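Visitor: target_36.txt is reproduced in full below (compact mmCIF, C-alpha atoms).
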```txt
# COMPACT_ATOMS: atom_id res chain seq x y z
CA MET A 1 6.12 -16.67 20.24
CA PRO A 2 8.55 -16.65 23.16
CA MET A 3 11.01 -13.82 22.77
CA SER A 4 14.03 -16.09 22.89
CA HIS A 5 12.92 -17.70 19.62
CA SER A 6 12.39 -14.44 17.80
CA PRO A 7 15.04 -13.54 15.25
CA ASP A 8 14.86 -10.01 16.67
CA ALA A 9 15.55 -11.12 20.24
CA GLU A 10 19.24 -10.33 20.27
CA LEU A 11 18.79 -6.94 18.63
CA VAL A 12 15.94 -6.08 20.99
CA ALA A 13 18.09 -6.96 24.00
CA ARG A 14 20.88 -4.71 22.72
CA LEU A 15 18.42 -1.90 21.98
CA GLN A 16 16.94 -2.16 25.45
CA ALA A 17 20.45 -2.05 26.90
CA GLY A 18 21.01 1.26 25.09
CA ASP A 19 23.60 -0.03 22.59
CA GLN A 20 24.10 2.81 20.05
CA LEU A 21 25.27 0.41 17.36
CA ALA A 22 22.02 -1.53 17.75
CA TYR A 23 20.06 1.72 17.29
CA ALA A 24 22.01 2.41 14.12
CA GLN A 25 21.33 -1.12 12.90
CA LEU A 26 17.59 -0.73 13.50
CA VAL A 27 17.60 2.48 11.48
CA GLU A 28 19.78 1.09 8.70
CA GLU A 29 17.63 -2.01 8.25
CA ASN A 30 14.25 -0.28 8.35
CA ALA A 31 14.50 3.38 7.38
CA GLY A 32 14.08 2.74 3.65
CA GLU A 33 10.82 0.85 4.09
CA ILE A 34 9.45 3.32 6.62
CA TYR A 35 10.29 6.22 4.31
CA ARG A 36 8.46 4.54 1.41
CA LEU A 37 5.39 3.91 3.56
CA ALA A 38 5.45 7.54 4.73
CA LEU A 39 5.86 8.83 1.18
CA ARG A 40 2.94 6.74 -0.10
CA MET A 41 0.77 7.76 2.83
CA MET A 42 1.59 11.46 2.86
CA GLY A 43 2.09 12.04 -0.87
CA ASN A 44 4.97 14.48 -0.46
CA GLU A 45 8.60 14.30 0.60
CA THR A 46 8.49 16.92 3.34
CA ASP A 47 5.72 15.24 5.31
CA ALA A 48 7.25 11.82 4.61
CA GLU A 49 10.54 12.93 6.15
CA ASP A 50 8.74 14.28 9.22
CA VAL A 51 6.91 10.97 9.65
CA LEU A 52 10.18 9.06 9.19
CA GLN A 53 11.96 11.06 11.91
CA GLU A 54 8.97 10.93 14.23
CA THR A 55 8.76 7.15 13.82
CA PHE A 56 12.32 6.46 14.92
CA LEU A 57 12.29 9.07 17.68
CA SER A 58 9.14 7.49 19.03
CA ALA A 59 10.53 3.95 18.61
CA PHE A 60 13.71 4.87 20.51
CA ARG A 61 11.63 6.38 23.31
CA SER A 62 9.42 3.32 23.66
CA ILE A 63 11.82 0.46 22.94
CA ASP A 64 11.73 -0.50 26.64
CA ARG A 65 8.06 -1.31 26.25
CA PHE A 66 8.53 -3.46 23.13
CA GLU A 67 7.26 -6.93 24.02
CA ALA A 68 8.04 -8.87 20.87
CA ARG A 69 4.41 -9.69 20.18
CA SER A 70 5.20 -8.67 16.62
CA SER A 71 8.45 -8.33 14.68
CA LEU A 72 10.45 -5.14 15.05
CA SER A 73 9.64 -4.17 11.48
CA THR A 74 5.88 -4.63 11.96
CA TRP A 75 6.16 -2.61 15.18
CA LEU A 76 7.91 0.19 13.26
CA TYR A 77 5.26 0.05 10.53
CA ARG A 78 2.68 0.42 13.27
CA ILE A 79 4.35 3.50 14.75
CA ALA A 80 4.80 5.01 11.29
CA SER A 81 1.20 4.31 10.22
CA ASN A 82 -0.08 5.94 13.38
CA ALA A 83 2.16 8.95 12.88
CA ALA A 84 1.04 9.30 9.27
CA LEU A 85 -2.66 8.91 10.10
CA MET A 86 -2.38 11.47 12.93
CA ARG A 87 -0.87 13.99 10.55
CA LEU A 88 -3.47 13.29 7.89
CA ARG A 89 -6.20 13.65 10.46
CA ARG A 90 -4.91 17.14 11.25
CA LYS A 91 -4.65 18.02 7.57
CA GLU A 92 -7.81 16.42 6.28
CA PRO A 93 -10.01 15.67 9.31
CA GLU A 94 -13.07 14.95 7.20
CA GLN A 95 -11.21 12.12 5.45
CA VAL A 96 -9.86 10.27 8.46
CA SER A 97 -12.71 9.54 10.78
CA VAL A 98 -11.60 7.43 13.74
CA ASP A 99 -14.77 5.41 13.87
CA GLU A 100 -15.56 5.07 10.21
CA PRO A 101 -18.10 2.31 9.65
CA LEU A 102 -16.30 -0.79 8.43
CA GLU A 103 -18.58 -1.46 5.56
CA ARG A 104 -21.06 0.75 3.86
CA ASP A 105 -23.17 -0.93 1.29
CA ASP A 106 -24.12 2.26 -0.45
CA GLY A 107 -23.11 1.16 -3.90
CA GLU A 108 -19.55 2.45 -3.77
CA MET A 109 -18.36 -1.08 -4.50
CA ILE A 110 -20.34 -1.50 -7.69
CA PRO A 111 -18.08 -1.37 -10.76
CA ARG A 112 -18.98 1.35 -13.24
CA GLN A 113 -16.10 1.23 -15.69
CA PHE A 114 -15.93 -1.60 -18.19
CA PHE A 115 -12.93 -0.73 -20.31
CA ASP A 116 -10.66 -3.74 -20.68
CA PHE A 117 -7.20 -2.20 -20.30
CA CYS A 118 -5.57 -5.61 -19.85
CA CYS A 119 -5.05 -5.82 -23.61
CA LEU A 120 -3.08 -2.56 -23.84
CA PRO A 121 0.62 -2.95 -24.64
CA GLU A 122 2.79 -3.33 -21.53
CA ASP A 123 4.73 -0.26 -22.66
CA ASP A 124 1.61 1.86 -22.22
CA LEU A 125 0.73 0.29 -18.88
CA LEU A 126 4.20 0.69 -17.43
CA ARG A 127 5.22 4.10 -18.72
CA ASP A 128 6.25 6.79 -16.23
CA GLU A 129 3.14 8.83 -16.83
CA ALA A 130 0.89 5.86 -16.10
CA ARG A 131 2.82 5.18 -12.91
CA ALA A 132 2.47 8.79 -11.81
CA GLU A 133 -1.27 8.51 -12.42
CA MET A 134 -1.36 5.27 -10.41
CA MET A 135 0.32 6.95 -7.44
CA ARG A 136 -2.02 9.94 -7.73
CA ALA A 137 -4.94 7.53 -7.53
CA VAL A 138 -3.50 6.05 -4.31
CA GLU A 139 -3.19 9.53 -2.83
CA GLU A 140 -6.84 10.15 -3.58
CA LEU A 141 -7.97 7.14 -1.56
CA PRO A 142 -9.40 7.95 1.86
CA ALA A 143 -6.55 7.55 4.36
CA THR A 144 -8.12 4.53 6.05
CA LEU A 145 -8.17 2.63 2.75
CA ARG A 146 -4.80 4.02 1.63
CA SER A 147 -2.97 2.73 4.70
CA VAL A 148 -4.24 -0.81 4.13
CA PHE A 149 -3.51 -0.73 0.40
CA VAL A 150 0.01 0.69 0.81
CA LEU A 151 1.04 -1.86 3.44
CA ARG A 152 -0.58 -4.85 1.77
CA ASP A 153 -0.18 -4.27 -1.97
CA ILE A 154 2.75 -1.86 -2.27
CA GLU A 155 4.92 -2.87 0.68
CA GLY A 156 3.86 -6.52 0.39
CA LEU A 157 2.95 -7.20 4.03
CA SER A 158 0.69 -10.18 4.70
CA THR A 159 -2.93 -9.66 5.72
CA GLU A 160 -1.97 -10.61 9.29
CA GLU A 161 0.98 -8.18 9.43
CA THR A 162 -1.16 -5.39 7.98
CA ALA A 163 -3.83 -6.07 10.60
CA GLU A 164 -1.20 -5.93 13.35
CA ALA A 165 0.42 -2.76 12.03
CA LEU A 166 -2.90 -0.94 11.77
CA ASP A 167 -4.58 -2.47 14.79
CA LEU A 168 -7.42 -3.78 12.65
CA SER A 169 -9.18 -7.12 12.47
CA ILE A 170 -8.33 -9.44 9.59
CA SER A 171 -11.81 -8.96 8.15
CA ALA A 172 -11.45 -5.17 8.30
CA VAL A 173 -8.15 -5.41 6.40
CA LYS A 174 -9.74 -7.62 3.76
CA SER A 175 -12.74 -5.38 3.35
CA ARG A 176 -10.73 -2.16 3.16
CA LEU A 177 -8.25 -3.72 0.75
CA MET A 178 -11.11 -4.81 -1.45
CA ARG A 179 -12.61 -1.32 -1.47
CA ALA A 180 -9.25 0.28 -2.17
CA ARG A 181 -8.54 -2.08 -5.06
CA LEU A 182 -12.01 -1.54 -6.56
CA LYS A 183 -11.62 2.24 -6.38
CA LEU A 184 -8.19 2.07 -8.00
CA ARG A 185 -9.51 -0.22 -10.73
CA GLU A 186 -12.17 2.36 -11.53
CA GLN A 187 -9.59 5.16 -11.65
CA LEU A 188 -7.17 3.22 -13.85
CA SER A 189 -10.01 2.20 -16.16
CA VAL A 190 -10.91 5.85 -16.71
CA TYR A 191 -7.27 6.80 -17.23
CA PHE A 192 -6.38 4.00 -19.63
CA SER A 193 -9.63 4.33 -21.59
CA GLN A 194 -8.48 7.79 -22.64
CA GLY A 195 -5.66 6.16 -24.53
CA PRO A 196 -1.93 6.74 -24.21
CA LEU A 197 -1.55 10.48 -23.92
CA ILE A 198 1.11 11.67 -26.28
CA SER A 199 2.77 14.66 -24.72
CA GLU A 200 1.55 17.68 -26.63
CA THR A 201 4.49 19.83 -25.68
CA GLU A 202 6.93 17.68 -27.60
CA MET B 1 -13.14 1.10 -27.05
CA SER B 2 -14.93 -2.01 -25.93
CA ALA B 3 -17.33 -0.47 -23.44
CA SER B 4 -20.41 -2.62 -23.25
CA HIS B 5 -23.13 -1.10 -21.23
CA GLN B 6 -25.98 -3.37 -22.23
CA PRO B 7 -27.83 -4.94 -19.31
CA HIS B 8 -26.86 -8.46 -18.34
CA GLN B 9 -29.02 -11.28 -19.54
CA HIS B 10 -29.00 -12.79 -16.08
CA ASP B 11 -29.66 -11.37 -12.63
CA GLN B 12 -27.17 -8.92 -11.21
CA ASP B 13 -27.27 -10.59 -7.81
CA ALA B 14 -24.94 -13.24 -9.17
CA CYS B 15 -22.48 -10.60 -10.35
CA ARG B 16 -22.58 -8.88 -6.96
CA ARG B 17 -22.00 -12.18 -5.21
CA TYR B 18 -18.86 -12.80 -7.27
CA LEU B 19 -17.67 -9.27 -6.55
CA GLY B 20 -17.03 -10.38 -2.98
CA SER B 21 -14.55 -13.01 -4.18
CA LEU B 22 -12.52 -10.67 -6.40
CA SER B 23 -9.73 -9.96 -3.92
CA GLU B 24 -9.20 -13.61 -3.07
CA TYR B 25 -9.28 -14.50 -6.75
CA ALA B 26 -6.61 -11.88 -7.54
CA ASP B 27 -4.48 -13.10 -4.61
CA GLY B 28 -4.83 -16.72 -5.70
CA THR B 29 -6.40 -17.69 -2.38
CA LEU B 30 -9.89 -18.49 -3.63
CA SER B 31 -10.89 -22.17 -3.34
CA ASP B 32 -10.73 -24.24 -6.54
CA GLU B 33 -14.46 -24.75 -6.44
CA LEU B 34 -15.25 -21.03 -6.26
CA CYS B 35 -12.59 -20.28 -8.88
CA GLN B 36 -14.30 -22.61 -11.31
CA GLU B 37 -17.67 -21.10 -10.52
CA LEU B 38 -16.34 -17.58 -11.00
CA GLU B 39 -14.62 -18.50 -14.26
CA ALA B 40 -17.78 -20.15 -15.58
CA HIS B 41 -19.68 -16.98 -14.72
CA MET B 42 -17.03 -14.85 -16.45
CA ALA B 43 -17.38 -16.89 -19.62
CA ALA B 44 -21.06 -15.92 -19.75
CA CYS B 45 -20.85 -12.35 -18.45
CA GLU B 46 -18.61 -9.96 -20.33
CA ASN B 47 -18.75 -7.16 -17.75
CA CYS B 48 -17.69 -9.50 -14.98
CA ARG B 49 -14.89 -10.86 -17.14
CA ILE B 50 -13.59 -7.32 -17.69
CA VAL B 51 -13.95 -6.38 -14.03
CA VAL B 52 -12.15 -9.52 -12.83
CA ASN B 53 -9.34 -9.17 -15.38
CA THR B 54 -8.79 -5.45 -14.84
CA PHE B 55 -9.02 -5.90 -11.06
CA THR B 56 -6.32 -8.56 -11.16
CA LYS B 57 -4.27 -6.41 -13.54
CA THR B 58 -4.60 -3.40 -11.23
CA VAL B 59 -3.15 -5.38 -8.33
CA SER B 60 -0.29 -6.70 -10.45
CA LEU B 61 0.54 -3.27 -11.93
CA TYR B 62 0.90 -1.79 -8.44
CA ARG B 63 3.14 -4.66 -7.41
CA GLN B 64 5.46 -3.86 -10.33
CA ILE B 65 6.07 -0.26 -9.33
CA PRO B 66 9.72 0.08 -8.36
CA ALA B 67 10.30 1.23 -4.79
CA PRO B 68 11.58 4.79 -4.59
CA GLU B 69 14.97 5.17 -2.91
CA MET B 70 15.29 7.31 0.18
CA PRO B 71 17.42 10.33 -0.83
CA SER B 72 20.78 10.30 0.93
CA ALA B 73 20.17 13.81 2.32
CA VAL B 74 17.00 12.52 4.04
CA LYS B 75 18.98 9.66 5.50
CA GLU B 76 21.72 11.96 6.76
CA ARG B 77 19.21 14.26 8.42
CA LEU B 78 17.54 11.25 10.05
CA TYR B 79 20.81 10.06 11.56
CA LYS B 80 21.48 13.59 12.82
CA VAL B 81 18.07 13.96 14.44
CA LEU B 82 18.61 10.59 16.12
CA ARG B 83 22.13 11.62 17.21
CA LEU B 84 23.62 8.70 15.31
CA GLU B 85 25.80 10.76 12.96
CA ALA B 86 28.80 8.65 13.86
CA TYR B 87 27.08 5.59 12.41
CA ILE B 88 26.01 6.89 8.98
CA PRO B 89 27.05 4.04 6.72
CA THR B 90 29.34 5.06 3.91
CA LYS B 91 28.82 3.25 0.66
CA PRO B 92 32.13 2.04 -0.75
CA ASN B 93 32.84 3.73 -4.11
CA ALA B 94 29.18 4.49 -4.72
CA PRO B 95 28.60 8.15 -5.45
CA ASP B 96 24.96 9.21 -5.48
CA GLN B 97 23.51 8.19 -8.78
CA PRO B 98 19.86 8.94 -9.22
CA GLY B 99 17.92 6.01 -10.56
CA GLN B 100 20.23 3.36 -9.18
```
Can you present the structure in this file as structure tokens?

Guide:
Amino acid sequence: MPMSHSPDAELVARLQAGDQLAYAQLVEENAGEIYRLALRMMGNETDAEDVLQETFLSAFRSIDRFEARSSLSTWLYRIASNAALMRLRRKEPEQVSVDEPLERDDGEMIPRQFFDFCCLPEDDLLRDEARAEMMRAVEELPATLRSVFVLRDIEGLSTEETAEALDLSISAVKSRLMRARLKLREQLSVYFSQGPLISETE
Amino acid sequence: MSASHQPHQHDQDACRRYLGSLSEYADGTLSDELCQELEAHMAACENCRIVVNTFTKTVSLYRQIPAPEMPSAVKERLYKVLRLEAYIPTKPNAPDQPGQ
């Protein structure tokens, strides 16, 4: 898409001219989403805040090289995902292999849980404790699957945008999303099959 | 609990083949033809029915999780780090209310 047709074109021009108000606008419009992505990726507020700050510092430094091949927000997601994955790689190197095989057919995809939690009351499915468990399950995903799942299913990016943000092929996004969803389904099946846990301390 | 662990009456290759279509089925992007095939298979295979339904439910439950707000202190520190303190937007008559 030629830059002049991009809805970001005017903002990009102002950013590249060093307009402080444009910088503030970029932050105001995107910081919330970037923080959420960082929080979901890192699993704690301290690391999420570091990733957030690093993302915008890095974006400001490299705005001159922004070529409008993607939208500004996808570009920011890309910087943030990289920052998060770099940090995770330092923290849990065994989990974030750079050249992980795209698909391993070692049976990890085969469903093992057959508890039909669809029929549980919505109140049980949507309670705070269930949601906390759902987020814990996301944190337990390997980082390469987590990044795809968070962008695609939690942040609602399209397959194409997710591929752009993570520098992956469309088929790699689809395959990782599938594996992430299957793993989460297994985890939720185990959790919900134990029944609504009435807090014993009350 | 409705766990049914009995072996399928038909070959598991079929089930594995449908497994590959799960994501597209949940996203509503599977072709009509394959949808019908998958649904016919589900009618005959209880495990697949449960897997498809809980898979779809898993995706929809995650989509319903409300987005957490960025704490205002985090936002303030971000603007400071970026030397944009002068531009921190002030919300008109909106004191910080958790959960809003």

Visitor: Write out, as JSON lines, each residue of chain B that has an atom at most 8 Å from chain A, together with the closest pair of atoms and their distance in Å to one decimal, counting all atoms listed in the file, rows going by chain and rising number.

Guide:
```
{"residue": "B:Met1", "atom": "CA", "partner": "A:Phe115", "partner_atom": "CA", "distance": 7.0}
{"residue": "B:Ser2", "atom": "CA", "partner": "A:Phe115", "partner_atom": "CA", "distance": 6.1}
{"residue": "B:Ala3", "atom": "CA", "partner": "A:Phe115", "partner_atom": "CA", "distance": 5.4}
{"residue": "B:Ser4", "atom": "CA", "partner": "A:Phe114", "partner_atom": "CA", "distance": 6.8}
{"residue": "B:His5", "atom": "CA", "partner": "A:Phe114", "partner_atom": "CA", "distance": 7.8}
{"residue": "B:Arg16", "atom": "CA", "partner": "A:Ile110", "partner_atom": "CA", "distance": 7.7}
{"residue": "B:Leu22", "atom": "CA", "partner": "A:Met178", "partner_atom": "CA", "distance": 7.8}
{"residue": "B:Ser23", "atom": "CA", "partner": "A:Met178", "partner_atom": "CA", "distance": 5.9}
{"residue": "B:Asn47", "atom": "CA", "partner": "A:Phe114", "partner_atom": "CA", "distance": 6.2}
{"residue": "B:Ile50", "atom": "CA", "partner": "A:Asp116", "partner_atom": "CA", "distance": 5.5}
{"residue": "B:Val51", "atom": "CA", "partner": "A:Phe114", "partner_atom": "CA", "distance": 6.6}
{"residue": "B:Asn53", "atom": "CA", "partner": "A:Cys118", "partner_atom": "CA", "distance": 6.8}
{"residue": "B:Thr54", "atom": "CA", "partner": "A:Cys118", "partner_atom": "CA", "distance": 6.0}
{"residue": "B:Phe55", "atom": "CA", "partner": "A:Arg185", "partner_atom": "CA", "distance": 5.7}
{"residue": "B:Lys57", "atom": "CA", "partner": "A:Cys118", "partner_atom": "CA", "distance": 6.5}
{"residue": "B:Thr58", "atom": "CA", "partner": "A:Arg185", "partner_atom": "CA", "distance": 5.9}
{"residue": "B:Val59", "atom": "CA", "partner": "A:Asp153", "partner_atom": "CA", "distance": 7.1}
{"residue": "B:Leu61", "atom": "CA", "partner": "A:Leu126", "partner_atom": "CA", "distance": 7.7}
{"residue": "B:Tyr62", "atom": "CA", "partner": "A:Ile154", "partner_atom": "CA", "distance": 6.4}
{"residue": "B:Arg63", "atom": "CA", "partner": "A:Ile154", "partner_atom": "CA", "distance": 5.9}
{"residue": "B:Ile65", "atom": "CA", "partner": "A:Arg131", "partner_atom": "CA", "distance": 7.3}
{"residue": "B:Ala67", "atom": "CA", "partner": "A:Arg36", "partner_atom": "CA", "distance": 7.3}
{"residue": "B:Pro68", "atom": "CA", "partner": "A:Arg36", "partner_atom": "CA", "distance": 6.8}
{"residue": "B:Glu69", "atom": "CA", "partner": "A:Gly32", "partner_atom": "CA", "distance": 7.1}
{"residue": "B:Met70", "atom": "CA", "partner": "A:Gly32", "partner_atom": "CA", "distance": 5.9}
{"residue": "B:Val74", "atom": "CA", "partner": "A:Glu49", "partner_atom": "CA", "distance": 6.8}
{"residue": "B:Lys75", "atom": "CA", "partner": "A:Ala31", "partner_atom": "CA", "distance": 7.9}
{"residue": "B:Leu78", "atom": "CA", "partner": "A:Gln53", "partner_atom": "CA", "distance": 5.9}
{"residue": "B:Val81", "atom": "CA", "partner": "A:Gln53", "partner_atom": "CA", "distance": 7.2}
{"residue": "B:Leu82", "atom": "CA", "partner": "A:Leu57", "partner_atom": "CA", "distance": 6.7}
{"residue": "B:Leu84", "atom": "CA", "partner": "A:Ala24", "partner_atom": "CA", "distance": 6.6}
{"residue": "B:Tyr87", "atom": "CA", "partner": "A:Ala24", "partner_atom": "CA", "distance": 6.2}
{"residue": "B:Ile88", "atom": "CA", "partner": "A:Ala24", "partner_atom": "CA", "distance": 7.9}
```

Visitor: What is the distance between CA of Tyr77 (chain A) and CA of Glu92 (chain A), in Å to one decimal?

Guide: 21.4 Å

Visitor: Would you please work out which residue, of A:Thr74, A:Asn44, A:Ser81, A:Thr144, is nearest to Thr159 (chain A) when using all atoms listed in the file?

Guide: A:Thr74

Visitor: How far is it from CA of Ala80 (chain A) to CA of Ala38 (chain A), in Å with one decimal?

Guide: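 Value for the CA of Ala80 (chain A)-CA of Ala38 (chain A) distance: 7.1 Å.
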
Visitor: Can you tell me how far CA of Thr162 (chain A) sits from CA of Asn30 (chain A), in Å to one decimal?

Guide: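 Calculated distance between CA of Thr162 (chain A) and CA of Asn30 (chain A) is 16.2 Å.
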